[in-house]
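Engineer: So that we are looking at the same thing, I have put the structure below in structure tokens.
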Amino acid sequence: MVGSRRSFLKKGLFGGLVLALGGTGLALYPSAQVGVPTAPLLALQPASFQVLVAVASRIVTAKGADPVAIAHGIDQALTRVPIEAQADLNKLLGLLENALPGLLLDARVQPFTRLSAEARDRVLESWSTSRFVIRRTGFQALRKLCLATYYSEAASWSALGYEPPSNLNASAYDDSKAGTPEWLEAQAKADTP
């Protein structure tokens with residue numbers, strides 16, 4: 001009995017060591033570069049930017065959509081949120097990229113950026129229907145960020161058949177200077193006879 005217990009412990013320790021080394025290898029599997037940043041990154045980490053480019057390429061499939069421009073738009077928007085939210089998005093993108101959770105939850109052994117387009121679609125689909133709330137809400141956050149960034153640009157409007165009225169702001173009152181010393185001076189001059 002002692003021999004079998006000792007053998008069991010040795011096998012268990014050896015198996016644990018193999019799993020730890022294999023898991024570490026999967027966790028350290030490098031990302032692929034799927035897009036080259038065209039400007040300095042403001043809130044995203046370089047690896048997160050690559051994952052976001054890969055996500056944007058699968059979520060925004062409209063003709064002429066530029067995943068790198070979408071990722072830069074999101075990076076720019078992130079400068080207006082708290083640092084904690086920036087860190088959370090970087091962590092979410094790291095979770096999506098990491099091959100170890102990918103193996104455990106999606107049966108994939110490669111980082112997200114190294115997958116084919118079809119495999120990326122399957123991973124995003126699994127995130128959208130996952131039983132884990134973090135994956136479902138993470139997918140929705142990435143989806144909404146990508147779509148909002150793409151459709152907020154005037155270049156995307158023609159694909160929708162939307163043509164904004166010409167001279168849209170011509171009749172708008174410019175109150176952006178209201179209350180400034182220059183504005184107050186101009187008002188005082190206008191009020192004097």
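Order determines the names: the first chain of the structure tokens is A, the second B, and so forth; residues in each chain are numbered 1 upward, and ligands are numbered 1 upward as they are shown.
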Using only C-alpha atoms, determine which residues lie at most 6 Å from range 51-63 of chain A, disregarding the query and same-chain residues fewer than 4 positions distant; provide the list as a PyMOL selection string.
Structural biologist: chain A and resi 67-68+71+113+146
Engineer: Create the file for the chosen residues now, containing N, CA and C atoms and written as a PDB file, in the first residue's frame.
Structural biologist:
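Generated file (part26.pdb):
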```pdb
ATOM      1  N   PRO A  67      -9.603  47.835 -40.013  1.00  0.00           N
ATOM      2  CA  PRO A  67      -9.484  47.418 -38.612  1.00  0.00           C
ATOM      3  C   PRO A  67      -8.443  48.203 -37.822  1.00  0.00           C
ATOM      4  N   VAL A  68      -7.360  48.611 -38.482  1.00  0.00           N
ATOM      5  CA  VAL A  68      -6.331  49.395 -37.786  1.00  0.00           C
ATOM      6  C   VAL A  68      -6.897  50.760 -37.391  1.00  0.00           C
ATOM      7  N   ALA A  71      -9.232  50.269 -34.441  1.00  0.00           N
ATOM      8  CA  ALA A  71      -8.474  50.085 -33.193  1.00  0.00           C
ATOM      9  C   ALA A  71      -7.888  51.409 -32.710  1.00  0.00           C
ATOM     10  N   THR A 113      -4.786  36.027 -32.174  1.00  0.00           N
ATOM     11  CA  THR A 113      -4.235  36.702 -33.351  1.00  0.00           C
ATOM     12  C   THR A 113      -3.597  35.736 -34.340  1.00  0.00           C
ATOM     13  N   CYS A 146     -16.261  48.449 -31.396  1.00  0.00           N
ATOM     14  CA  CYS A 146     -15.849  48.388 -32.805  1.00  0.00           C
ATOM     15  C   CYS A 146     -16.904  49.004 -33.720  1.00  0.00           C
TER      16      CYS A 146
END
```
Engineer: Looking only at alpha helix (DSSP H) from DSSP on the backbone, list the matching residues of chain A as a count of residues only.
Structural biologist: 121
Engineer: Considering only C-alpha atoms, state which residue in the set A:Ala87, A:Ala159, A:Ala178, A:Leu78 is at the smallest distance from Leu145 in chain A.
Structural biologist: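 Nearest to Leu145 in chain A: A:Leu78.
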Engineer: How many Å lie between CA of Ala43 in chain A and CA of Leu95 in chain A, rounded to one decimal?
Structural biologist: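 Taking CA of Ala43 in chain A as the start and CA of Leu95 in chain A as the end point, the length is 17.2 Å.
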Engineer: Would you mind reading off the distance between CA of Ile83 in chain A and CA of Leu100 in chain A, one decimal, in Å?
Structural biologist: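 CA of Leu100 in chain A lies 26.6 Å from CA of Ile83 in chain A.
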